[in-house]
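*Asks:* Submitted below is the structure of interest, expressed as structure tokens.
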Amino acid sequence: MKQLRRPDPSLRYESQDISDQVADLRQINHKLVMLLAHELGSPLTHVLGYLRLWQERAPIFERVELDLVVEQALTLKDRLDEILLLDQLEAGLWELRCEPTSIQEIVADLVQSQRWRMEEKGLSFSTHIACNDPVNADKEMMRRALDHLLANAYKFSPPRGKVELRVDEIGTYCRVAVSDQGIGIPLEKQSRIFEPFYQVDLTRTRRYNGLGIGLKLVRAIVEQQGGCVDVYSRVGEGSTFTVTVPLAQ
Ligand code: ADP
């Protein structure tokens with residue numbers, strides 16, 4: 001008869017040790033982010049306040065340079081907010097307010113804010129909506145997630161490409177697909193782009209700008225709404241990112 005082996009008790013201690021260490025690291029990470037948010041966030045808020053005052057009073061010939069400085073300060077603030085939000089979502093300190101939400105309203109809002117940028121780059125931007133039912137989502141966060149996917153589609157597309165946003169109803173779910181005809185992502189790297197600070201190719205990303213946590217944030221937001229994010233891409237042909245969330249009951 002086959003003898004059952006007893007589990008090695010030392011292994012249990014080892015896995016306990018590892019999960020304690022992971023919890024400790026998460027705690028250190030959280031403290032570091034809070035410190036960063038406070039030590040950089042507060043002075044930055046002041047800098048932005050003074051810059052805005054200066055912008056109001058500045059003579060015309062100073063405005064162009066001043067606008068550039070304000071733009072850079074705002075980018076810094078956005079990145080800091082992104083890091084803070086991701087940390088809060090992961091630590092369970094930010095609870096999404098999911099309620100019946102019109103996906104059509106979110107799309108209309110996104111079209112209004114993104115169209116001019118797309119057109120400025122010569123991109124044709126189209127939408128196709130085949131889902132009339134409300135989704136169960138946090139409106140602001142859902143908007144933020146889709147806005148990031150559109151910003152990536154814009155960023156990684158050559159001028160005169162096409163960007164499409166499609167909304168379809170699939171059973172009890174709503175699927176939003178953002179497609180571009182941009183540079184694409186190699187198959188072996190597609191699962192890694194959702195890791196924090198991972199960028200496919202640092203040389204090309206430096207050219208395109210970014211922190212590399214946007215997709216991780218998108219996934220955290222969508223998964224907290226009971227949905228999922230997927231990517232389909234071919235190098236040189238383009239990418240499609242899909243966000244699937246449940247319809248409201
Ligand atoms: P970032 O803010 O740097 O764009 P993301 O987390 O949004 O960070 O994306 C991670 C990486 O995934 C990007 O740096 C880029 O290499 C790749 N990526 C994301 N979206 C696209 C896309 N639409 N086309 C090509 N590459 C993409």
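We label chains A, B, ... in the order they appear in the structure tokens, count residues from 1 in each chain, and number ligands from 1 in the order shown.
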If the limit is 8 Å from any atom of ligand 1, counting only C-alpha atoms and all ligand atoms, which residues qualify? Return them as a tab-separated table (two decimals) with N, CA and C atoms, in the first residue's frame.
*Replies:*
```
chain	number	residue	atom	x	y	z
A	148	HIS	N	-7.40	56.57	-20.56
A	148	HIS	CA	-6.00	56.14	-20.66
A	148	HIS	C	-5.78	55.27	-21.89
A	149	LEU	N	-6.74	54.37	-22.18
A	149	LEU	CA	-6.58	53.50	-23.36
A	149	LEU	C	-6.58	54.34	-24.64
A	150	LEU	N	-7.44	55.36	-24.67
A	150	LEU	CA	-7.47	56.24	-25.85
A	150	LEU	C	-6.17	57.05	-25.95
A	152	ASN	N	-3.24	56.11	-24.95
A	152	ASN	CA	-2.21	55.20	-25.47
A	152	ASN	C	-2.38	54.98	-26.98
A	153	ALA	N	-3.65	54.81	-27.41
A	153	ALA	CA	-3.92	54.61	-28.85
A	153	ALA	C	-3.40	55.82	-29.63
A	154	TYR	N	-3.63	57.00	-29.08
A	154	TYR	CA	-3.16	58.25	-29.71
A	154	TYR	C	-1.63	58.27	-29.75
A	155	LYS	N	-1.05	57.95	-28.58
A	155	LYS	CA	0.41	58.07	-28.42
A	155	LYS	C	1.17	57.10	-29.33
A	156	PHE	N	0.67	55.86	-29.47
A	156	PHE	CA	1.43	54.85	-30.21
A	156	PHE	C	0.96	54.71	-31.67
A	157	SER	N	0.17	55.69	-32.16
A	157	SER	CA	-0.29	55.66	-33.56
A	157	SER	C	0.53	56.63	-34.40
A	179	SER	N	-9.27	50.41	-30.44
A	179	SER	CA	-8.32	49.86	-31.43
A	179	SER	C	-7.53	50.96	-32.09
A	180	ASP	N	-6.26	50.64	-32.38
A	180	ASP	CA	-5.44	51.60	-33.14
A	180	ASP	C	-4.68	50.85	-34.23
A	182	GLY	N	-1.40	51.37	-34.68
A	182	GLY	CA	-0.08	51.87	-34.31
A	182	GLY	C	1.02	50.83	-34.35
A	183	ILE	N	2.04	51.03	-33.51
A	183	ILE	CA	3.27	50.22	-33.61
A	183	ILE	C	3.07	48.77	-33.14
A	184	GLY	N	2.03	48.50	-32.34
A	184	GLY	CA	1.76	47.13	-31.88
A	184	GLY	C	2.71	46.68	-30.77
A	185	ILE	N	2.41	45.50	-30.21
A	185	ILE	CA	3.18	44.99	-29.07
A	185	ILE	C	3.55	43.54	-29.35
A	190	GLN	N	3.13	40.93	-24.27
A	190	GLN	CA	1.76	41.42	-24.01
A	190	GLN	C	1.28	41.19	-22.58
A	193	ILE	N	2.90	44.01	-20.01
A	193	ILE	CA	2.58	45.45	-20.04
A	193	ILE	C	1.66	45.87	-18.89
A	194	PHE	N	1.07	44.87	-18.19
A	194	PHE	CA	0.21	45.21	-17.05
A	194	PHE	C	1.00	45.24	-15.74
A	195	GLU	N	2.31	44.95	-15.83
A	195	GLU	CA	3.14	45.03	-14.62
A	195	GLU	C	3.51	46.49	-14.39
A	196	PRO	N	3.68	46.89	-13.12
A	196	PRO	CA	4.01	48.30	-12.89
A	196	PRO	C	5.39	48.67	-13.44
A	197	PHE	N	5.48	49.82	-14.03
A	197	PHE	CA	6.70	50.41	-14.59
A	197	PHE	C	7.29	49.61	-15.76
A	198	TYR	N	6.53	48.65	-16.31
A	198	TYR	CA	7.05	47.89	-17.44
A	198	TYR	C	6.72	48.65	-18.73
A	199	GLN	N	7.75	48.86	-19.54
A	199	GLN	CA	7.52	49.49	-20.83
A	199	GLN	C	8.20	48.63	-21.88
A	200	VAL	N	7.51	48.39	-22.99
A	200	VAL	CA	7.98	47.40	-23.97
A	200	VAL	C	9.40	47.65	-24.41
A	201	ASP	N	9.69	48.88	-24.72
A	201	ASP	CA	11.02	49.17	-25.23
A	201	ASP	C	11.37	50.56	-24.72
A	202	LEU	N	12.38	50.58	-23.84
A	202	LEU	CA	12.66	51.85	-23.17
A	202	LEU	C	13.07	52.96	-24.14
A	204	ARG	N	12.03	53.36	-27.25
A	204	ARG	CA	10.87	53.93	-27.95
A	204	ARG	C	9.94	54.61	-26.95
A	205	THR	N	9.88	54.07	-25.67
A	205	THR	CA	8.97	54.67	-24.71
A	205	THR	C	9.46	56.04	-24.30
A	208	TYR	N	8.10	58.20	-26.51
A	208	TYR	CA	6.66	58.38	-26.39
A	208	TYR	C	6.22	58.93	-25.03
A	209	ASN	N	7.13	58.92	-24.05
A	209	ASN	CA	6.78	59.42	-22.72
A	209	ASN	C	5.89	58.47	-21.93
A	210	GLY	N	5.86	58.59	-20.64
A	210	GLY	CA	4.96	57.75	-19.84
A	210	GLY	C	5.69	57.14	-18.66
A	211	LEU	N	4.91	56.67	-17.71
A	211	LEU	CA	5.47	56.15	-16.47
A	211	LEU	C	5.42	54.62	-16.42
A	212	GLY	N	4.49	54.06	-17.21
A	212	GLY	CA	4.38	52.59	-17.23
A	212	GLY	C	3.49	52.03	-16.14
A	213	ILE	N	2.62	52.86	-15.55
A	213	ILE	CA	1.69	52.26	-14.58
A	213	ILE	C	0.23	52.42	-15.01
A	214	GLY	N	0.03	53.10	-16.16
A	214	GLY	CA	-1.34	53.36	-16.61
A	214	GLY	C	-2.18	52.11	-16.80
A	215	LEU	N	-1.60	51.08	-17.45
A	215	LEU	CA	-2.39	49.87	-17.71
A	215	LEU	C	-2.65	49.10	-16.43
A	216	LYS	N	-1.70	49.16	-15.51
A	216	LYS	CA	-1.92	48.48	-14.21
A	216	LYS	C	-3.10	49.14	-13.49
A	217	LEU	N	-3.15	50.46	-13.62
A	217	LEU	CA	-4.25	51.21	-13.00
A	217	LEU	C	-5.58	50.87	-13.69
A	233	SER	N	-2.80	42.20	-30.17
A	233	SER	CA	-1.93	43.13	-30.87
A	233	SER	C	-0.98	42.40	-31.82
A	238	GLY	N	-1.04	47.13	-35.21
A	238	GLY	CA	-1.89	47.85	-34.26
A	238	GLY	C	-2.29	47.02	-33.07
A	239	SER	N	-3.07	47.63	-32.20
A	239	SER	CA	-3.49	46.98	-30.95
A	239	SER	C	-4.97	47.24	-30.68
A	240	THR	N	-5.58	46.27	-30.00
A	240	THR	CA	-6.94	46.47	-29.49
A	240	THR	C	-6.94	46.10	-28.01
A	241	PHE	N	-7.36	47.03	-27.19
A	241	PHE	CA	-7.52	46.76	-25.76
A	241	PHE	C	-9.02	46.68	-25.49
```
*Asks:* Among the residues of region 136-194 of chain A, find those DSSP assigns to strand (DSSP E or B) from the backbone and print them as a ChimeraX atom specification.
*Replies:* /A:136-137,162-170,173-180
*Asks:* Neighbouring residues of region 110-124 of chain A were defined as those with any atom within 9 Å, considering only C-alpha atoms; residues of the same chain fewer than 5 positions away were excluded. Please report them as a ChimeraX atom specification.
*Replies:* /A:105,143,146-147,150-151,154,157-164
*Asks:* Write out as CSV the residues of region 75-161 of chain A that have any atom within 9 Å of an atom of region 24-39 of chain A, one row each with the nearest atom pair and its distance in Å to one decimal, counting only C-alpha atoms, sorted by chain and then rising number.
*Replies:*
```
residue,atom,partner,partner_atom,distance
A:Leu80,CA,A:Ala37,CA,6.6
A:Asp81,CA,A:Ala37,CA,7.9
A:Ile83,CA,A:Val33,CA,7.4
A:Leu84,CA,A:Val33,CA,6.5
A:Asp87,CA,A:His30,CA,6.5
A:Gln88,CA,A:His30,CA,8.3
A:Ala91,CA,A:His30,CA,7.7
```
*Asks:* Generate the output file for the selected residues, C-alpha atoms, as a PDB file, in the first residue's frame.
*Replies:*
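Okay, this is what ended up in out-v6.pdb:
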```pdb
ATOM      1  CA  LEU A  80       1.864  61.688  -8.775  1.00  0.00           C
ATOM      2  CA  ASP A  81      -1.941  61.325  -8.596  1.00  0.00           C
ATOM      3  CA  ILE A  83       0.835  56.569  -8.323  1.00  0.00           C
ATOM      4  CA  LEU A  84      -1.265  57.560  -5.308  1.00  0.00           C
ATOM      5  CA  ASP A  87      -1.533  52.532  -4.232  1.00  0.00           C
ATOM      6  CA  GLN A  88      -4.898  53.322  -2.644  1.00  0.00           C
ATOM      7  CA  ALA A  91      -4.325  48.798  -0.426  1.00  0.00           C
TER       8      ALA A  91
END
```
*Asks:* Determine, counting only C-alpha atoms, which protein, DNA and RNA residues have an atom within 10 Å of an atom of Gln225 (chain A); residues of the same chain fewer than 6 positions away are not included. Present the result as a PDB file with C-alpha atoms, in the first residue's frame.
*Replies:*
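Written output follows (selection-v7.pdb):
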```
ATOM      1  CA  LEU A  96     -15.238  52.396  -6.135  1.00  0.00           C
ATOM      2  CA  ARG A  97     -18.838  53.614  -6.190  1.00  0.00           C
ATOM      3  CA  CYS A  98     -20.453  51.240  -8.653  1.00  0.00           C
ATOM      4  CA  GLU A  99     -23.962  52.108  -9.802  1.00  0.00           C
ATOM      5  CA  VAL A 135     -23.296  49.157 -16.900  1.00  0.00           C
ATOM      6  CA  ASN A 136     -22.501  48.615 -13.248  1.00  0.00           C
ATOM      7  CA  ALA A 137     -19.562  50.965 -12.888  1.00  0.00           C
ATOM      8  CA  ASP A 138     -17.977  53.906 -11.100  1.00  0.00           C
ATOM      9  CA  MET A 141     -13.121  55.719 -12.744  1.00  0.00           C
ATOM     10  CA  MET A 142     -14.504  54.022 -15.861  1.00  0.00           C
ATOM     11  CA  ARG A 219      -6.737  46.751 -14.803  1.00  0.00           C
ATOM     12  CA  THR A 244     -15.454  44.045 -20.262  1.00  0.00           C
ATOM     13  CA  VAL A 245     -17.726  45.011 -17.368  1.00  0.00           C
ATOM     14  CA  PRO A 246     -21.053  43.625 -16.119  1.00  0.00           C
TER      15      PRO A 246
END
```
*Asks:* Which residues come within 9 Å of Val47 (chain A), counting only C-alpha atoms, excluding same-chain residues fewer than 5 positions away, as a PDB file with C-alpha atoms, in the first residue's frame?
*Replies:*
```pdb
ATOM      1  CA  SER A  42       2.164  69.786  -1.308  1.00  0.00           C
ATOM      2  CA  ARG A  52      -1.531  80.218 -12.380  1.00  0.00           C
ATOM      3  CA  ALA A  73       3.874  70.925 -13.717  1.00  0.00           C
TER       4      ALA A  73
END
```
